[in-house]
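Visitor: One structure is given below, represented as structure tokens, and several questions about it will come after.
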Amino acid sequence: MTSIAPPQRRTRRQAGLYATLLPPLLWMTLLYFVPIVLLISYSVWRLEAFDIVKEFSLTNFQTIATNSAYRTVILRTVFTALSVTAIDIVIALPIGYFIGCYGGRFRSLLTLLVLLPLWSSYLVRVFAWKIILGYNGVINTALISLGILQEPSSVFLYNQFSTTLTFVHVWLPFMILPLITAFERLPKSLLEASADLNAPPWTTFRRITLPLVTPGILAGSISTFALTMGDFITPSLVGSPSGIMLGNVISSQFGVAYNWPLGAAFALVVMLIVFAGLAIVLKQGALEME
Amino acid sequence: MNGTVNPTELAENPPRSQSKPWFLGSWTILVYAFLYLPLGVLVLMSLNDSTILSLPFKGVTLDWYRLTFGDRAIQQTLINSLKVASSATLLATGFGLLSAFAIYRYQFFGKNTFRIALNLPILLPGIVTGVAMLAYFSDLGLELSLLTVILGHAVFGIPVALGPILTRLTQFPRSLEEAAYDLGARPGEVFRDVIFPYIRSAVISGALLAFTLSFDEVVVTIFLTGRDNTLPMEIWGRLRTNITPEIAAVATLISAASGAIVVMSQFITQEERS
């Protein structure tokens, strides 16, 4: 062990590489990559008389493309995911700015406070909105006691508004956290220089701050967007019965509707949309892995 | 404004100082209120002396907590959840540590692809992982059980654990390792005595993240669970049928317990770094 000849060293390096790389690679291949490939094959198979016909066909994609109800679901899902992302950006920017730039010694405490809600049950957080927005809910009770409403209103729950609001709430920490990091790294000297050159605060924000924190915005956006694209818990608990999303369609095709090939085709649609979003983000260099 | 500035103009318009962050501060308080509003409502509901999980508030009772502690289904599913989360965390952290090491230490063909591929389970929505693994296990003829849930959770746990470990490893000063080798340490000793102490806090936070995500997971679990249920699945079932304030009591207890763990771990890792 004291003197190592180069060839031996190389074989040891090789052994080290195999010992660290192969187990996770094998594990992920057998339990994730193969299942994903299988899912993609399912999407080009078809269901005939409750039997899965394992031949190549584009039947499922034809169904999706020609059925206007399915097209509406796809558009609604993308629209919801985009609006949730946009609203979360608007909410998260100022708080990210505040914690990242003015947090000082309280920065890690403030960050922890953003994180903590994530550790309470996701299901129950969604359900809590039902209690807040419902007929006998917090908002109705408050509005009646203030004399603004005479009787409880049912406009707050089971619609696009309650779905969007709940999504905005449950994914918000995923947007705030990368923004705190981005604002932390922001070189203060640039902001001072800009102020010294008499730039109005808004100009400094638009020309200096925003471009520098864009990677954080994009990183948060891709999480928020992808999480919304695949969710079916929120729409089924607080959404309207006619407001189902792609996640609901997939889960019902793999459940009661029992058409796995069609469900797989929908899952592929979700994957492609998320990949498209990811491609845009990667092009902007947001997920640069240093 | 971009032209030359003459001295008199500069005297009239002194350089702008950064304004006080009043707006940002109040916005931050509002966002915290928004984040914690549902939690506050839940805690309130868990104390409500009413048989339905809704307003009006009819007075304080601890009955729902008493009921929770005596609830066999909650106990059993809690034990299942702890089993699933700890097994999945062990697997995920182990594989995460190995892959972080492979990426940090070695150059190999397709390294970047490997890195992105490992992150796919958290880049793609959970439902994709869920249905893909369901189709796979059913084609293999593997019966769904807590084991298949563990396998599913271990898959998305790997990138979760990998993240913080790899970030910390890339900050590791290589010279320390070289020094250890020069002093005659074996590779195993170098890892145990030099590298691991450096990345320990990252390993803990990665494992903790994997544990809590698994403990709370619903979307993948729905597709992979058999007869035995995890706690979130039990809650999911009850949310759609018999909703009593007991659910709020369960949720409050889980939040308090996991909140305490997170705060504690934060405290430990911070102490270690300073």
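Letters A, B, ... mark the chains of the structure tokens in the order given; residue numbers begin at 1 per chain; ligand numbers begin at 1, in order shown.
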Within 9 Å of region 155-168 of chain A, counting only C-alpha atoms, which residues qualify if same-chain residues fewer than 2 places away don't, as a PyMOL selection string?
Guide: chain A and resi 80-81+83-85+87-88+125-126+129-130+132-135+139-140+153+170-172+224+228+234-235+237-243
Visitor: For the residues in the current selection, export N, CA, C and O atoms as a CSV table (one decimal), in the first residue's frame.
Guide:
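This is the output file selection.csv:
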```csv
chain,number,residue,atom,x,y,z
A,80,THR,N,-53.5,26.7,-16.3
A,80,THR,CA,-53.4,26.8,-14.9
A,80,THR,C,-52.0,26.8,-14.4
A,80,THR,O,-51.6,27.6,-13.6
A,81,ALA,N,-51.2,25.9,-15.0
A,81,ALA,CA,-49.8,25.8,-14.6
A,81,ALA,C,-49.0,27.1,-14.8
A,81,ALA,O,-48.3,27.5,-14.0
A,83,SER,N,-50.4,30.1,-15.1
A,83,SER,CA,-50.8,31.3,-14.3
A,83,SER,C,-50.4,31.1,-12.8
A,83,SER,O,-50.0,32.0,-12.2
A,84,VAL,N,-50.4,29.8,-12.3
A,84,VAL,CA,-49.9,29.6,-11.0
A,84,VAL,C,-48.4,30.0,-10.9
A,84,VAL,O,-48.0,30.7,-10.0
A,85,THR,N,-47.6,29.6,-11.9
A,85,THR,CA,-46.2,30.0,-12.0
A,85,THR,C,-46.0,31.5,-12.0
A,85,THR,O,-45.2,32.1,-11.2
A,87,ILE,N,-48.1,33.9,-11.0
A,87,ILE,CA,-48.6,34.5,-9.7
A,87,ILE,C,-47.5,34.3,-8.6
A,87,ILE,O,-47.2,35.2,-7.9
A,88,ASP,N,-47.0,33.0,-8.6
A,88,ASP,CA,-45.9,32.7,-7.6
A,88,ASP,C,-44.7,33.6,-7.8
A,88,ASP,O,-44.1,34.0,-6.8
A,125,ARG,N,-53.0,20.6,3.8
A,125,ARG,CA,-52.9,22.0,3.5
A,125,ARG,C,-53.9,22.3,2.4
A,125,ARG,O,-54.5,23.3,2.4
A,126,VAL,N,-54.0,21.4,1.4
A,126,VAL,CA,-55.0,21.6,0.3
A,126,VAL,C,-56.4,21.6,0.9
A,126,VAL,O,-57.2,22.5,0.6
A,129,TRP,N,-57.8,24.7,2.6
A,129,TRP,CA,-58.4,25.8,1.7
A,129,TRP,C,-59.9,25.6,1.5
A,129,TRP,O,-60.7,26.5,1.4
A,130,LYS,N,-60.3,24.3,1.6
A,130,LYS,CA,-61.7,24.0,1.6
A,130,LYS,C,-62.4,24.6,2.8
A,130,LYS,O,-63.5,25.1,2.7
A,132,ILE,N,-61.4,27.1,4.4
A,132,ILE,CA,-61.3,28.6,4.4
A,132,ILE,C,-62.3,29.2,3.4
A,132,ILE,O,-63.0,30.1,3.6
A,133,LEU,N,-62.4,28.5,2.2
A,133,LEU,CA,-63.3,29.0,1.1
A,133,LEU,C,-64.7,28.5,1.1
A,133,LEU,O,-65.5,29.1,0.4
A,134,GLY,N,-65.0,27.5,1.9
A,134,GLY,CA,-66.3,26.8,1.8
A,134,GLY,C,-67.5,27.7,2.2
A,134,GLY,O,-67.4,28.8,2.7
A,135,TYR,N,-68.7,27.1,2.1
A,135,TYR,CA,-69.9,27.7,2.4
A,135,TYR,C,-70.0,28.2,3.8
A,135,TYR,O,-70.4,29.4,4.1
A,139,ILE,N,-63.8,32.7,5.1
A,139,ILE,CA,-64.1,33.9,4.4
A,139,ILE,C,-65.5,34.3,4.5
A,139,ILE,O,-65.9,35.5,4.8
A,140,ASN,N,-66.4,33.4,4.3
A,140,ASN,CA,-67.9,33.7,4.4
A,140,ASN,C,-68.2,34.2,5.8
A,140,ASN,O,-69.0,35.2,5.9
A,153,SER,N,-71.8,32.9,0.6
A,153,SER,CA,-71.7,32.7,-0.8
A,153,SER,C,-70.9,31.5,-1.2
A,153,SER,O,-70.0,31.1,-0.5
A,170,VAL,N,-49.6,26.1,-2.2
A,170,VAL,CA,-48.8,24.9,-1.8
A,170,VAL,C,-47.5,24.9,-2.5
A,170,VAL,O,-46.5,24.3,-2.0
A,171,TRP,N,-47.3,25.5,-3.7
A,171,TRP,CA,-46.0,25.5,-4.3
A,171,TRP,C,-45.2,26.7,-4.1
A,171,TRP,O,-44.0,26.9,-4.6
A,172,LEU,N,-45.7,27.7,-3.4
A,172,LEU,CA,-45.0,29.0,-3.2
A,172,LEU,C,-43.6,28.8,-2.6
A,172,LEU,O,-42.6,29.4,-3.1
A,224,THR,N,-42.5,24.8,-10.0
A,224,THR,CA,-43.9,25.1,-9.9
A,224,THR,C,-44.7,24.6,-11.0
A,224,THR,O,-45.8,24.0,-10.9
A,228,THR,N,-47.5,21.5,-10.9
A,228,THR,CA,-48.9,21.8,-11.2
A,228,THR,C,-49.4,20.9,-12.4
A,228,THR,O,-50.5,20.4,-12.3
A,234,THR,N,-55.3,18.5,-5.8
A,234,THR,CA,-55.9,19.8,-5.7
A,234,THR,C,-57.2,20.0,-6.5
A,234,THR,O,-58.2,20.3,-5.9
A,235,PRO,N,-57.2,19.7,-7.8
A,235,PRO,CA,-58.4,19.8,-8.6
A,235,PRO,C,-59.5,18.9,-8.0
A,235,PRO,O,-60.7,19.3,-8.0
A,237,LEU,N,-60.0,18.0,-4.9
A,237,LEU,CA,-60.5,18.4,-3.5
A,237,LEU,C,-61.1,19.8,-3.6
A,237,LEU,O,-62.2,20.0,-3.0
A,238,VAL,N,-60.5,20.8,-4.3
A,238,VAL,CA,-61.1,22.1,-4.3
A,238,VAL,C,-61.6,22.6,-5.7
A,238,VAL,O,-62.1,23.7,-5.8
A,239,GLY,N,-61.3,21.8,-6.7
A,239,GLY,CA,-61.7,22.3,-8.1
A,239,GLY,C,-63.1,22.0,-8.4
A,239,GLY,O,-63.8,21.3,-7.7
A,240,SER,N,-63.6,22.5,-9.5
A,240,SER,CA,-65.0,22.2,-10.0
A,240,SER,C,-65.0,20.9,-10.7
A,240,SER,O,-64.0,20.4,-11.2
A,241,PRO,N,-66.1,20.2,-10.6
A,241,PRO,CA,-66.2,18.9,-11.2
A,241,PRO,C,-65.9,18.9,-12.7
A,241,PRO,O,-65.4,18.0,-13.3
A,242,SER,N,-66.2,20.1,-13.3
A,242,SER,CA,-65.9,20.2,-14.8
A,242,SER,C,-64.5,20.8,-15.0
A,242,SER,O,-64.2,21.0,-16.2
A,243,GLY,N,-63.8,21.0,-13.9
A,243,GLY,CA,-62.5,21.6,-14.1
A,243,GLY,C,-61.3,20.7,-13.9
A,243,GLY,O,-60.3,21.0,-13.4
```
Visitor: Could you please select, counting only C-alpha atoms, the residues of chain A within 7 Å of chain B and state them as JSON, numbers by chain?
Guide: {"A": [2, 17, 20, 21, 24, 28, 32, 35, 36, 38, 39, 94, 95, 98, 116, 117, 119, 120, 121, 122, 124, 125, 128, 129, 131, 136, 137, 138, 169, 195, 196, 197, 198, 226, 227, 229, 230, 267, 271, 274]}
Visitor: Taking 4 positions as the minimum chain separation for residues in the same chain, which residues sit within 9 Å of Val149 (chain B) when counting only C-alpha atoms? Answer as a ChimeraX atom specification.
Guide: /B:84,88,144-145,153-154,220-226
Visitor: What would the file look like if the residues just selected were written as a short mmCIF file (atom, residue, chain, number, x, y, z; two decimals), in the first residue's frame with all heavy atoms?
Guide:
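Result file follows (out_10.cif):
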```cif
data_model
loop_
_atom_site.label_atom_id
_atom_site.label_comp_id
_atom_site.auth_asym_id
_atom_site.auth_seq_id
_atom_site.Cartn_x
_atom_site.Cartn_y
_atom_site.Cartn_z
N VAL B 84 -41.90 2.77 5.75
CA VAL B 84 -41.66 3.12 4.35
C VAL B 84 -40.64 4.24 4.25
O VAL B 84 -39.65 4.15 3.52
CB VAL B 84 -42.98 3.54 3.66
CG1 VAL B 84 -42.71 4.18 2.32
CG2 VAL B 84 -43.89 2.34 3.49
N ALA B 88 -36.99 3.81 2.59
CA ALA B 88 -36.75 4.57 1.37
C ALA B 88 -35.60 5.56 1.56
O ALA B 88 -34.77 5.75 0.67
CB ALA B 88 -38.02 5.30 0.94
N LEU B 144 -48.57 -5.50 -5.55
CA LEU B 144 -48.39 -4.20 -4.90
C LEU B 144 -48.47 -4.35 -3.38
O LEU B 144 -49.32 -5.05 -2.86
CB LEU B 144 -49.46 -3.22 -5.38
CG LEU B 144 -49.44 -2.87 -6.86
CD1 LEU B 144 -50.54 -1.89 -7.19
CD2 LEU B 144 -48.08 -2.33 -7.28
N SER B 145 -47.53 -3.70 -2.71
CA SER B 145 -47.48 -3.79 -1.24
C SER B 145 -46.67 -2.60 -0.74
O SER B 145 -46.31 -1.71 -1.52
CB SER B 145 -46.78 -5.08 -0.83
OG SER B 145 -45.44 -5.04 -1.27
N HIS B 153 -40.62 5.32 -3.57
CA HIS B 153 -40.11 6.46 -2.81
C HIS B 153 -38.59 6.55 -2.89
O HIS B 153 -38.02 7.64 -2.90
CB HIS B 153 -40.55 6.36 -1.35
CG HIS B 153 -42.00 6.63 -1.15
ND1 HIS B 153 -42.55 6.87 0.07
CD2 HIS B 153 -43.02 6.73 -2.04
CE1 HIS B 153 -43.85 7.09 -0.06
NE2 HIS B 153 -44.16 7.00 -1.33
N ALA B 154 -37.92 5.38 -2.94
CA ALA B 154 -36.46 5.40 -3.03
C ALA B 154 -36.02 6.00 -4.35
O ALA B 154 -34.97 6.64 -4.43
CB ALA B 154 -35.90 3.99 -2.86
N VAL B 220 -47.39 9.27 -5.87
CA VAL B 220 -46.76 8.01 -6.28
C VAL B 220 -47.39 6.86 -5.49
O VAL B 220 -47.68 5.79 -6.04
CB VAL B 220 -45.23 8.07 -6.06
CG1 VAL B 220 -44.59 6.72 -6.35
CG2 VAL B 220 -44.60 9.14 -6.93
N THR B 221 -47.61 7.08 -4.20
CA THR B 221 -48.12 6.03 -3.32
C THR B 221 -49.48 5.50 -3.77
O THR B 221 -49.71 4.29 -3.72
CB THR B 221 -48.24 6.58 -1.88
OG1 THR B 221 -47.09 7.36 -1.58
CG2 THR B 221 -48.35 5.46 -0.88
N ILE B 222 -50.36 6.40 -4.22
CA ILE B 222 -51.70 5.97 -4.65
C ILE B 222 -51.61 4.84 -5.67
O ILE B 222 -52.37 3.88 -5.60
CB ILE B 222 -52.48 7.17 -5.24
CG1 ILE B 222 -53.03 8.04 -4.13
CG2 ILE B 222 -53.61 6.70 -6.15
CD1 ILE B 222 -53.84 9.22 -4.59
N PHE B 223 -50.63 4.93 -6.59
CA PHE B 223 -50.55 3.93 -7.65
C PHE B 223 -49.80 2.67 -7.20
O PHE B 223 -49.97 1.62 -7.79
CB PHE B 223 -49.85 4.52 -8.88
CG PHE B 223 -50.63 5.64 -9.50
CD1 PHE B 223 -50.25 6.95 -9.29
CD2 PHE B 223 -51.76 5.39 -10.25
CE1 PHE B 223 -50.98 7.99 -9.84
CE2 PHE B 223 -52.50 6.41 -10.79
CZ PHE B 223 -52.11 7.72 -10.58
N LEU B 224 -48.96 2.77 -6.19
CA LEU B 224 -48.09 1.65 -5.87
C LEU B 224 -48.47 0.90 -4.60
O LEU B 224 -47.85 -0.10 -4.27
CB LEU B 224 -46.63 2.14 -5.73
CG LEU B 224 -46.03 2.76 -6.98
CD1 LEU B 224 -44.59 3.16 -6.73
CD2 LEU B 224 -46.11 1.81 -8.15
N THR B 225 -49.49 1.37 -3.89
CA THR B 225 -49.79 0.72 -2.62
C THR B 225 -50.77 -0.44 -2.80
O THR B 225 -51.61 -0.44 -3.71
CB THR B 225 -50.34 1.74 -1.60
OG1 THR B 225 -50.34 1.13 -0.33
CG2 THR B 225 -51.75 2.17 -1.93
N GLY B 226 -50.58 -1.44 -1.94
CA GLY B 226 -51.47 -2.60 -1.98
C GLY B 226 -52.52 -2.50 -0.88
O GLY B 226 -53.18 -1.48 -0.75
#
```
Visitor: One decimal, Å: what's the distance from CA of Gly96 (chain A) over to CA of Thr181 (chain A), could you say?
Guide: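 Computed distance, CA of Gly96 (chain A) to CA of Thr181 (chain A), equals 8.1 Å.
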Visitor: Determine which residues of region 116-250 of chain A receive a DSSP assignment of helix (DSSP H, G or I), computed from the backbone, and state them as a PyMOL selection string.
Guide: chain A and resi 116-119+122-133+138-145+160-185+188-196+201-229+233-238+246-250
Visitor: Go ahead and save the picked residues with C-alpha atoms, as a short mmCIF file (atom, residue, chain, number, x, y, z; two decimals), in the first residue's frame.
Guide:
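Dumped everything to selection27.cif:
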```cif
data_model
loop_
_atom_site.label_atom_id
_atom_site.label_comp_id
_atom_site.auth_asym_id
_atom_site.auth_seq_id
_atom_site.Cartn_x
_atom_site.Cartn_y
_atom_site.Cartn_z
CA LEU A 116 -41.69 24.88 7.45
CA PRO A 117 -45.16 24.79 5.85
CA LEU A 118 -43.79 22.20 3.40
CA TRP A 119 -43.38 19.84 6.33
CA TYR A 122 -49.63 18.44 1.69
CA LEU A 123 -53.08 16.83 1.58
CA VAL A 124 -54.23 18.62 4.66
CA ARG A 125 -52.88 21.96 3.46
CA VAL A 126 -55.01 21.56 0.34
CA PHE A 127 -57.97 20.55 2.44
CA ALA A 128 -57.52 23.58 4.69
CA TRP A 129 -58.42 25.78 1.73
CA LYS A 130 -61.72 23.98 1.55
CA ILE A 131 -62.37 25.05 5.15
CA ILE A 132 -61.30 28.60 4.36
CA LEU A 133 -63.26 29.05 1.13
CA VAL A 138 -63.59 31.38 7.18
CA ILE A 139 -64.08 33.93 4.40
CA ASN A 140 -67.87 33.69 4.38
CA THR A 141 -68.03 33.92 8.17
CA ALA A 142 -65.74 36.95 8.14
CA LEU A 143 -67.65 38.73 5.36
CA ILE A 144 -70.99 38.14 7.08
CA SER A 145 -69.79 39.37 10.44
CA GLN A 160 -60.80 27.77 -11.27
CA PHE A 161 -60.18 30.46 -8.65
CA SER A 162 -59.96 28.04 -5.71
CA THR A 163 -57.82 25.61 -7.73
CA THR A 164 -55.36 28.33 -8.74
CA LEU A 165 -55.25 29.85 -5.25
CA THR A 166 -54.54 26.47 -3.63
CA PHE A 167 -51.78 25.66 -6.14
CA VAL A 168 -50.27 29.12 -5.63
CA HIS A 169 -50.18 28.44 -1.90
CA VAL A 170 -48.83 24.88 -1.84
CA TRP A 171 -45.99 25.49 -4.34
CA LEU A 172 -45.01 28.98 -3.17
CA PRO A 173 -42.02 27.82 -1.03
CA PHE A 174 -40.53 26.12 -4.12
CA MET A 175 -40.48 29.54 -5.81
CA ILE A 176 -39.27 31.57 -2.82
CA LEU A 177 -36.29 29.36 -1.93
CA PRO A 178 -34.31 29.62 -5.21
CA LEU A 179 -35.10 33.36 -5.24
CA ILE A 180 -33.59 33.85 -1.77
CA THR A 181 -30.42 32.14 -3.03
CA ALA A 182 -30.41 34.29 -6.17
CA PHE A 183 -30.80 37.56 -4.24
CA GLU A 184 -28.14 36.46 -1.76
CA ARG A 185 -25.63 36.13 -4.57
CA LYS A 188 -24.51 44.74 -3.91
CA SER A 189 -21.78 46.84 -5.52
CA LEU A 190 -23.66 46.75 -8.83
CA LEU A 191 -26.82 48.09 -7.19
CA GLU A 192 -24.84 50.84 -5.50
CA ALA A 193 -23.09 51.69 -8.74
CA SER A 194 -26.42 51.95 -10.47
CA ALA A 195 -27.78 54.20 -7.72
CA ASP A 196 -24.63 56.32 -7.87
CA PRO A 201 -34.86 52.31 -8.34
CA TRP A 202 -37.22 50.83 -10.92
CA THR A 203 -34.55 51.10 -13.66
CA THR A 204 -31.98 49.47 -11.39
CA PHE A 205 -34.43 46.67 -10.70
CA ARG A 206 -35.29 46.13 -14.35
CA ARG A 207 -31.81 46.51 -15.85
CA ILE A 208 -29.57 45.05 -13.12
CA THR A 209 -31.47 43.07 -10.49
CA LEU A 210 -33.94 41.21 -12.65
CA PRO A 211 -31.43 39.83 -15.19
CA LEU A 212 -29.19 38.64 -12.35
CA VAL A 213 -31.95 36.81 -10.47
CA THR A 214 -33.50 35.30 -13.61
CA PRO A 215 -31.80 31.91 -13.04
CA GLY A 216 -33.54 31.73 -9.65
CA ILE A 217 -36.89 32.68 -11.19
CA LEU A 218 -36.49 30.02 -13.87
CA ALA A 219 -35.46 27.32 -11.39
CA GLY A 220 -38.50 28.08 -9.22
CA SER A 221 -40.74 28.29 -12.29
CA ILE A 222 -39.85 24.84 -13.58
CA SER A 223 -40.64 23.26 -10.19
CA THR A 224 -43.94 25.10 -9.86
CA PHE A 225 -44.92 24.42 -13.47
CA ALA A 226 -44.06 20.69 -13.36
CA LEU A 227 -45.72 20.15 -9.97
CA THR A 228 -48.95 21.76 -11.21
CA MET A 229 -48.89 19.90 -14.54
CA ILE A 233 -55.16 16.10 -5.60
CA THR A 234 -55.90 19.84 -5.66
CA PRO A 235 -58.41 19.79 -8.55
CA SER A 236 -60.26 16.85 -7.02
CA LEU A 237 -60.47 18.43 -3.55
CA VAL A 238 -61.10 22.12 -4.29
CA LEU A 246 -54.41 16.11 -16.94
CA GLY A 247 -53.48 14.44 -13.65
CA ASN A 248 -57.12 13.52 -13.03
CA VAL A 249 -57.41 12.03 -16.53
CA ILE A 250 -54.24 9.96 -16.10
#
```
Visitor: Skipping near chain neighbours, those fewer than 3 positions away, what residues fall within 10 Å of Ser205 (chain B) using only C-alpha atoms, listed as a PyMOL selection string?
Guide: chain B and resi 160-161+163-165+200-202+208-211+262+265-266+269
